[in-house]
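Trainee: Below are the structure tokens for one structure; questions will follow.
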Amino acid sequence: MGAMASGDPLVLGIETSCDETGVALVRGDELLVDATASSMDEHARYGGIIPEVASRAHLEAMIPTIQQAVGEADVDLSQVDAIAVTAGPGLVGPLTIGAAAAKALSIGLGKPLYGVNHVIGHACVDQLVDGPFPGRVMALVVSGGHSSLLLVDDVATAVTELGSTLDDAAGEAFDKVGRLLGLPYPGGPHIDRLARAGDPNAIRFPRGLTAAKDQDKHAYDFSFSGLKTAVARWVEAEQDAGRAIPVADVAASFAEAVVDVLTAKTIAACRRHDVDTLVVGGGFSANSQLREKAAQRCAEAGVDLRIPPIRYCTDNGAMIAALGSAVVRAGVAPSTLDIGVDSSMSLTTVSV
């Protein structure tokens with residue numbers, strides 16, 4: 001854990017962008033507690049996240065999760081110095097529940113409110129594990145809703161978006177291909193498990209936006225929609241021919257196409273911007289092929305790779321408390337109590 005100065009503020013972070021209700025307490029770069037309630041089981045039967053169901057689950061889980069966090073950390077709410085909350089991007093209903101809770105705490109405790117960016121939080125959480133970022137880092141944030149490449153000069157004040165997905169995010173593509181292969185929702189972990197038994201070179205699936213013509217405009221952007229369609233067509237052709245589907249090989253070859261593009265573009269960006277530290281975050285960074293490919297390519301390029309443990313990769317309160325802590329310590333002005341939530345918040349906006 002990062003070194004802690006006794007004068008660092010105690011920040012309470014609230015995360016409700018999707019289906020996890022996360023509440024955490026951070027002082028400096030030290031995580032005191034990270035409490036999470038998930039409504040994933042309620043969504044599994046629908047095969048996807050139902051925003052209304054998620055919103056109700058957040059409403060029910062919010063107070064118990066806050067109580068659990070302060071109880072485990074053995075602090076009183078009155079000791080909290082600032083409240084940080086996800087203001088976007090994410091689902092409007094769930095975001096609104098978290099923002100309302102944070103505003104109520106801010107008013108009730110008389111403490112400043114900071115609305116912060118969910119995606120940047122996915123990168124910032126690594127500071128709780130591996131310590132403060134060096135001067136300039138590259139962050140690849142890959143999750144169910146995001147595949148984003150960020151140049152971070154200061155995680156609290158200076159983040160530049162170099163590229164993002166033009167259609168499906170990596171995690172979203174995995175869920176869709178999982179459904180295609182008849183796997184349970186969410187498909188990502190199942191494809192990851194199957195892929196380990198398959199041959200990643202069995203089928204050559206397309207690599208989106210890697211052609212020479214795409215380099216000027218989309219050098220650091222991602223596209224996985226065409227890949228998903230290619231997998232569907234390949235599977236259909238095999239079925240039409242009466243052949244059994246080699247599910248493990250399909251999973252491995254599909255995953256290879258995704259992680260090949262993600263890591264190749266990221267390393268190219270590190271080289272162009274003279275960056276020697278890469279941080280990978282977001283739910284999809286739990287994928288074992290991505291971790292292996294990133295480690296291999298970073299080693300070849302002389303880039304220091306930082307990926308937090310899997311429990312920090314999925315949505316959690318720690319990432320929001322960590323970013324809140326960085327923003328407070330950077331002297332950024334607090335948010336006003338009338339801030340809204342923004343489902344498509346710009347990734348250059350760290351706090352609102």
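So you can find residues: chains in the structure tokens are A, B, ... in the order shown, residues in each start at 1, and ligands are numbered from 1 in order.
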Give me the residues near His146 (chain A) as a ChimeraX atom specification, where near means some atom within 9 Å (using only C-alpha atoms) and where sequence neighbours in that chain fewer than 6 positions away do not count.
Mentor: /A:119,164-165,168-172,282
Trainee: Show me, as JSON, numbers by chain, the residues that have an atom within 7 Å of region 98-113 of chain A when counting only C-alpha atoms, minus same-chain residues fewer than 3 positions from it.
Mentor: {"A": [14, 15, 16, 78, 81, 82, 83, 84, 85, 87, 94, 95, 334, 335, 337]}
Trainee: Print the selection's residues with all heavy atoms to a file, as a compact mmCIF listing (two decimals), in the first residue's frame.
Mentor:
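Dumped everything to part_2.txt:
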# COMPACT_ATOMS: atom_id res chain seq x y z
N ILE A 14 -18.40 6.46 -3.40
CA ILE A 14 -19.63 5.71 -3.72
C ILE A 14 -19.66 5.44 -5.22
O ILE A 14 -19.54 6.36 -6.03
CB ILE A 14 -20.89 6.51 -3.31
CG1 ILE A 14 -20.93 6.70 -1.79
CG2 ILE A 14 -22.16 5.81 -3.80
CD1 ILE A 14 -22.08 7.58 -1.31
N GLU A 15 -19.82 4.18 -5.59
CA GLU A 15 -19.86 3.77 -7.01
C GLU A 15 -21.18 3.04 -7.30
O GLU A 15 -21.50 2.04 -6.65
CB GLU A 15 -18.66 2.86 -7.31
CG GLU A 15 -18.82 1.85 -8.42
CD GLU A 15 -19.14 2.41 -9.80
OE1 GLU A 15 -18.85 3.59 -10.08
OE2 GLU A 15 -19.69 1.65 -10.61
N THR A 16 -21.96 3.59 -8.25
CA THR A 16 -23.22 2.92 -8.66
C THR A 16 -23.45 3.07 -10.16
O THR A 16 -24.57 3.33 -10.57
CB THR A 16 -24.45 3.54 -7.93
OG1 THR A 16 -24.54 4.93 -8.29
CG2 THR A 16 -24.37 3.41 -6.43
N SER A 78 -18.86 11.06 10.85
CA SER A 78 -18.46 12.45 11.12
C SER A 78 -16.96 12.68 10.88
O SER A 78 -16.52 13.82 10.73
CB SER A 78 -18.81 12.84 12.56
OG SER A 78 -18.08 12.03 13.46
N ASP A 81 -13.78 13.36 5.59
CA ASP A 81 -13.43 14.72 5.18
C ASP A 81 -14.07 15.13 3.85
O ASP A 81 -14.25 16.31 3.58
CB ASP A 81 -11.91 14.86 5.05
CG ASP A 81 -11.21 14.69 6.39
OD1 ASP A 81 -11.58 15.42 7.33
OD2 ASP A 81 -10.32 13.83 6.50
N ALA A 82 -14.38 14.15 3.00
CA ALA A 82 -14.95 14.46 1.68
C ALA A 82 -15.71 13.25 1.15
O ALA A 82 -15.39 12.11 1.50
CB ALA A 82 -13.86 14.87 0.70
N ILE A 83 -16.71 13.52 0.31
CA ILE A 83 -17.51 12.46 -0.33
C ILE A 83 -17.23 12.48 -1.83
O ILE A 83 -17.37 13.53 -2.47
CB ILE A 83 -19.04 12.71 -0.14
CG1 ILE A 83 -19.39 13.16 1.28
CG2 ILE A 83 -19.83 11.48 -0.59
CD1 ILE A 83 -19.22 12.13 2.35
N ALA A 84 -16.83 11.34 -2.39
CA ALA A 84 -16.64 11.22 -3.85
C ALA A 84 -17.68 10.25 -4.39
O ALA A 84 -18.01 9.25 -3.75
CB ALA A 84 -15.24 10.71 -4.16
N VAL A 85 -18.21 10.57 -5.56
CA VAL A 85 -19.24 9.71 -6.16
C VAL A 85 -19.06 9.66 -7.67
O VAL A 85 -18.62 10.63 -8.28
CB VAL A 85 -20.67 10.21 -5.79
CG1 VAL A 85 -20.95 11.60 -6.39
CG2 VAL A 85 -21.74 9.21 -6.22
N ALA A 87 -20.06 10.31 -11.14
CA ALA A 87 -21.04 11.18 -11.80
C ALA A 87 -21.28 10.74 -13.24
O ALA A 87 -22.17 11.23 -13.92
CB ALA A 87 -20.53 12.62 -11.76
N PRO A 94 -29.03 4.06 -12.11
CA PRO A 94 -28.07 3.75 -11.05
C PRO A 94 -27.19 4.93 -10.64
O PRO A 94 -26.97 5.16 -9.45
CB PRO A 94 -27.23 2.63 -11.69
CG PRO A 94 -28.21 1.92 -12.58
CD PRO A 94 -29.04 3.02 -13.17
N LEU A 95 -26.69 5.71 -11.62
CA LEU A 95 -25.86 6.87 -11.29
C LEU A 95 -26.62 7.85 -10.39
O LEU A 95 -26.06 8.42 -9.46
CB LEU A 95 -25.43 7.61 -12.57
CG LEU A 95 -24.34 6.98 -13.43
CD1 LEU A 95 -24.22 7.73 -14.76
CD2 LEU A 95 -22.99 6.97 -12.72
N PRO A 334 -14.45 21.60 -5.03
CA PRO A 334 -15.53 20.61 -4.92
C PRO A 334 -16.64 20.85 -5.94
O PRO A 334 -16.73 21.94 -6.52
CB PRO A 334 -16.07 20.82 -3.50
CG PRO A 334 -15.08 21.67 -2.79
CD PRO A 334 -14.32 22.43 -3.83
N SER A 335 -17.48 19.85 -6.13
CA SER A 335 -18.64 19.97 -7.01
C SER A 335 -19.74 20.75 -6.26
O SER A 335 -19.77 20.78 -5.04
CB SER A 335 -19.18 18.58 -7.37
OG SER A 335 -18.15 17.77 -7.88
N LEU A 337 -23.78 21.19 -5.27
CA LEU A 337 -24.80 20.18 -4.92
C LEU A 337 -25.82 19.95 -6.03
O LEU A 337 -26.61 19.01 -5.96
CB LEU A 337 -25.51 20.58 -3.63
CG LEU A 337 -24.71 20.30 -2.35
CD1 LEU A 337 -25.39 20.92 -1.15
CD2 LEU A 337 -24.53 18.80 -2.14
Trainee: Quick one: residues within 10 Å of region 46-62 of chain A, only C-alpha atoms counted, chain neighbours fewer than 2 positions away excluded, as an MDAnalysis selection string?
Mentor: chainID A and resid 14:23 36:44 64:68 91:98 101 175:176 179 184:187
Trainee: List the neighbours of Val275 (chain A) out to 9 Å using only C-alpha atoms; skip same-chain residues closer than 3 positions along the sequence, and give me the result as a ChimeraX atom specification.
Mentor: /A:136-138,151,269-272,278,303
Trainee: Please produce an output containing N, CA and C atoms for each residue in the selection, written as an mmCIF file, in the first residue's frame.
Mentor:
data_model
loop_
_atom_site.group_PDB
_atom_site.id
_atom_site.type_symbol
_atom_site.label_atom_id
_atom_site.label_comp_id
_atom_site.auth_asym_id
_atom_site.auth_seq_id
_atom_site.Cartn_x
_atom_site.Cartn_y
_atom_site.Cartn_z
ATOM 1 N N ARG A 136 4.143 10.351 -16.023
ATOM 2 C CA ARG A 136 3.213 10.171 -17.142
ATOM 3 C C ARG A 136 2.965 8.680 -17.329
ATOM 4 N N VAL A 137 1.692 8.288 -17.396
ATOM 5 C CA VAL A 137 1.366 6.878 -17.628
ATOM 6 C C VAL A 137 0.327 6.763 -18.734
ATOM 7 N N MET A 138 0.300 5.607 -19.371
ATOM 8 C CA MET A 138 -0.757 5.258 -20.317
ATOM 9 C C MET A 138 -1.734 4.374 -19.560
ATOM 10 N N LEU A 151 -4.074 8.960 -21.939
ATOM 11 C CA LEU A 151 -2.738 9.443 -21.600
ATOM 12 C C LEU A 151 -2.893 10.268 -20.318
ATOM 13 N N ALA A 269 0.904 3.332 -28.829
ATOM 14 C CA ALA A 269 0.653 4.639 -28.203
ATOM 15 C C ALA A 269 1.726 4.969 -27.178
ATOM 16 N N CYS A 270 2.155 3.960 -26.406
ATOM 17 C CA CYS A 270 3.231 4.177 -25.425
ATOM 18 C C CYS A 270 4.503 4.649 -26.126
ATOM 19 N N ARG A 271 4.821 4.016 -27.261
ATOM 20 C CA ARG A 271 6.035 4.375 -28.003
ATOM 21 C C ARG A 271 5.929 5.805 -28.537
ATOM 22 N N ARG A 272 4.783 6.119 -29.152
ATOM 23 C CA ARG A 272 4.633 7.439 -29.776
ATOM 24 C C ARG A 272 4.683 8.558 -28.733
ATOM 25 N N LEU A 278 2.511 1.415 -18.165
ATOM 26 C CA LEU A 278 1.148 1.147 -18.623
ATOM 27 C C LEU A 278 0.315 0.608 -17.461
ATOM 28 N N VAL A 303 8.312 -1.593 -21.306
ATOM 29 C CA VAL A 303 7.278 -0.814 -20.608
ATOM 30 C C VAL A 303 6.916 -1.521 -19.305
#
Trainee: Looking at only C-alpha atoms, which of A:Val279, A:Asp76, A:Gly340, A:Gly242 is the one that sits closest to Pro308 (chain A)?
Mentor: A:Val279
Trainee: Could you give me, as a PDB file with N, CA, C and O atoms, in the first residue's frame, the residues within 8 Å of Leu140 (chain A), counting only C-alpha atoms and dropping anything in the same chain fewer than 3 positions from it?
Mentor:
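Once written, out_8.pdb looks like this:
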ATOM      1  N   ALA A 123      -8.489   3.376 -13.652  1.00  0.00           N
ATOM      2  CA  ALA A 123      -7.026   3.472 -13.729  1.00  0.00           C
ATOM      3  C   ALA A 123      -6.452   3.872 -12.374  1.00  0.00           C
ATOM      4  O   ALA A 123      -5.466   3.300 -11.901  1.00  0.00           O
ATOM      5  N   SER A 147     -13.813   0.594 -23.839  1.00  0.00           N
ATOM      6  CA  SER A 147     -12.459   0.207 -24.237  1.00  0.00           C
ATOM      7  C   SER A 147     -11.798   1.527 -24.584  1.00  0.00           C
ATOM      8  O   SER A 147     -12.016   2.066 -25.662  1.00  0.00           O
ATOM      9  N   SER A 148     -11.032   2.065 -23.634  1.00  0.00           N
ATOM     10  CA  SER A 148     -10.514   3.421 -23.773  1.00  0.00           C
ATOM     11  C   SER A 148      -9.015   3.468 -23.510  1.00  0.00           C
ATOM     12  O   SER A 148      -8.510   2.787 -22.626  1.00  0.00           O
ATOM     13  N   LEU A 149      -8.332   4.315 -24.290  1.00  0.00           N
ATOM     14  CA  LEU A 149      -6.897   4.505 -24.132  1.00  0.00           C
ATOM     15  C   LEU A 149      -6.668   5.947 -23.685  1.00  0.00           C
ATOM     16  O   LEU A 149      -7.034   6.887 -24.392  1.00  0.00           O
ATOM     17  N   LEU A 150      -6.101   6.101 -22.489  1.00  0.00           N
ATOM     18  CA  LEU A 150      -5.956   7.425 -21.891  1.00  0.00           C
ATOM     19  C   LEU A 150      -4.487   7.731 -21.612  1.00  0.00           C
ATOM     20  O   LEU A 150      -3.752   6.888 -21.100  1.00  0.00           O
ATOM     21  N   THR A 266      -2.073  -0.248 -27.857  1.00  0.00           N
ATOM     22  CA  THR A 266      -1.633   0.388 -26.612  1.00  0.00           C
ATOM     23  C   THR A 266      -0.118   0.560 -26.592  1.00  0.00           C
ATOM     24  O   THR A 266       0.390   1.626 -26.219  1.00  0.00           O
ATOM     25  N   LEU A 278       2.511   1.415 -18.165  1.00  0.00           N
ATOM     26  CA  LEU A 278       1.148   1.147 -18.623  1.00  0.00           C
ATOM     27  C   LEU A 278       0.315   0.608 -17.461  1.00  0.00           C
ATOM     28  O   LEU A 278       0.725  -0.327 -16.780  1.00  0.00           O
ATOM     29  N   VAL A 279      -0.849   1.233 -17.251  1.00  0.00           N
ATOM     30  CA  VAL A 279      -1.800   0.759 -16.249  1.00  0.00           C
ATOM     31  C   VAL A 279      -3.004   0.184 -16.991  1.00  0.00           C
ATOM     32  O   VAL A 279      -3.551   0.836 -17.885  1.00  0.00           O
ATOM     33  N   VAL A 280      -3.398  -1.041 -16.656  1.00  0.00           N
ATOM     34  CA  VAL A 280      -4.566  -1.660 -17.274  1.00  0.00           C
ATOM     35  C   VAL A 280      -5.628  -1.847 -16.191  1.00  0.00           C
ATOM     36  O   VAL A 280      -5.340  -2.346 -15.104  1.00  0.00           O
ATOM     37  N   GLY A 281      -6.862  -1.413 -16.484  1.00  0.00           N
ATOM     38  CA  GLY A 281      -7.934  -1.536 -15.491  1.00  0.00           C
ATOM     39  C   GLY A 281      -9.269  -1.808 -16.144  1.00  0.00           C
ATOM     40  O   GLY A 281      -9.384  -1.845 -17.370  1.00  0.00           O
TER      41      GLY A 281
END
Trainee: Suppose you want the space between CA of Ala35 (chain A) and CA of Ala73 (chain A); what is it in Å?
Mentor: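 Pair CA of Ala35 (chain A) / CA of Ala73 (chain A) returns 10.1 Å.
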Trainee: Can you pull out every residue within 12 Å of Gly28 (chain A), counting only C-alpha atoms, but drop anything in the same chain fewer than 3 positions away, and send it as JSON, numbers by chain?
Mentor: {"A": [1, 2, 3, 4, 5, 6, 7, 8, 9, 10, 11, 12, 25, 31, 32, 81, 125, 127, 128, 131, 132, 318, 321, 322, 323, 324, 325, 326, 327, 328, 329, 330]}
Trainee: Would you please work out which residue, of A:Val26, A:His122, A:Tyr114, A:Val33, is nearest to Val80 (chain A) when using only C-alpha atoms?
Mentor: A:Val26
Trainee: DSSP on the backbone, then: every residue of region 34-254 of chain A marked strand (DSSP E or B), written as a PyMOL selection string.
Mentor: chain A and resi 34-38+82-88+113-117+137-142+147-154+158-165+222
Trainee: What's the separation between CA of Glu161 (chain A) and CA of Ile120 (chain A), in Å to one decimal place?
Mentor: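 Those two atoms sit 10.3 Å apart.
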Trainee: Smallest atom-to-atom distance to Tyr220 (chain A): which of A:Ala257, A:Ala295, A:Leu166, A:Val129, using only C-alpha atoms?
Mentor: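 Ranking A:Ala257, A:Ala295, A:Leu166, A:Val129 by distance to Tyr220 (chain A), first place goes to A:Leu166.
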Trainee: Identify which of the residues A:Ala212, A:Val247, A:Val259, A:Val341 lies closest to Val177 (chain A), counting only C-alpha atoms when measuring atom-to-atom distances.
Mentor: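 Result for the nearest residue to Val177 (chain A): A:Val247.
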Trainee: So the first atom is CA of Ala232 (chain A) and the second is CA of Val250 (chain A); what is the distance between them in Å, to one decimal place?
Mentor: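 Result for CA of Ala232 (chain A) versus CA of Val250 (chain A): 10.2 Å, one decimal.
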Trainee: Would you list, as an NGL selection string, the residues of region 102-275 of chain A that end up in alpha helix (DSSP H) under DSSP run on this structure's backbone?
Mentor: :A and (102-109 or 118-124 or 126-130 or 170-180 or 187-195 or 215-218 or 225-240 or 247-272)
Trainee: Report as a list in words all protein, DNA and RNA residues lying within 12 Å of Ala299 (chain A), evaluated on only C-alpha atoms, omitting residues in the same chain fewer than 5 positions from it.
Mentor: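 After dropping sequence-adjacent residues, the list is Ile267, Asp276, Thr277, Leu278, Glu292, Lys293, Ala294, Asp304, Leu305 and Arg306 of chain A.
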Trainee: May I have the residues from that selection written out with N, CA and C atoms, as a PDB file, in the first residue's frame?
Mentor:
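And here is the file that came out, selection-v2.pdb:
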ATOM      1  N   ILE A 267       0.605  -0.478 -26.995  1.00  0.00           N
ATOM      2  CA  ILE A 267       2.076  -0.378 -27.029  1.00  0.00           C
ATOM      3  C   ILE A 267       2.514   0.675 -28.057  1.00  0.00           C
ATOM      4  N   ASP A 276       6.637   4.995 -20.400  1.00  0.00           N
ATOM      5  CA  ASP A 276       7.198   3.688 -20.056  1.00  0.00           C
ATOM      6  C   ASP A 276       6.470   3.005 -18.900  1.00  0.00           C
ATOM      7  N   THR A 277       5.259   3.480 -18.577  1.00  0.00           N
ATOM      8  CA  THR A 277       4.429   2.788 -17.591  1.00  0.00           C
ATOM      9  C   THR A 277       3.016   2.646 -18.147  1.00  0.00           C
ATOM     10  N   LEU A 278       2.511   1.415 -18.165  1.00  0.00           N
ATOM     11  CA  LEU A 278       1.148   1.147 -18.623  1.00  0.00           C
ATOM     12  C   LEU A 278       0.315   0.608 -17.461  1.00  0.00           C
ATOM     13  N   GLU A 292      -1.694 -11.946 -20.056  1.00  0.00           N
ATOM     14  CA  GLU A 292      -0.491 -12.596 -20.597  1.00  0.00           C
ATOM     15  C   GLU A 292       0.092 -11.822 -21.778  1.00  0.00           C
ATOM     16  N   LYS A 293      -0.786 -11.421 -22.698  1.00  0.00           N
ATOM     17  CA  LYS A 293      -0.329 -10.704 -23.898  1.00  0.00           C
ATOM     18  C   LYS A 293       0.244  -9.340 -23.524  1.00  0.00           C
ATOM     19  N   ALA A 294      -0.404  -8.652 -22.569  1.00  0.00           N
ATOM     20  CA  ALA A 294       0.096  -7.341 -22.136  1.00  0.00           C
ATOM     21  C   ALA A 294       1.466  -7.490 -21.483  1.00  0.00           C
ATOM     22  N   ASP A 304       6.848  -0.748 -18.228  1.00  0.00           N
ATOM     23  CA  ASP A 304       6.481  -1.284 -16.913  1.00  0.00           C
ATOM     24  C   ASP A 304       4.962  -1.478 -16.875  1.00  0.00           C
ATOM     25  N   LEU A 305       4.505  -2.699 -16.628  1.00  0.00           N
ATOM     26  CA  LEU A 305       3.065  -3.003 -16.638  1.00  0.00           C
ATOM     27  C   LEU A 305       2.509  -3.044 -15.226  1.00  0.00           C
ATOM     28  N   ARG A 306       1.409  -2.317 -15.002  1.00  0.00           N
ATOM     29  CA  ARG A 306       0.726  -2.331 -13.702  1.00  0.00           C
ATOM     30  C   ARG A 306      -0.728  -2.736 -13.922  1.00  0.00           C
TER      31      ARG A 306
END
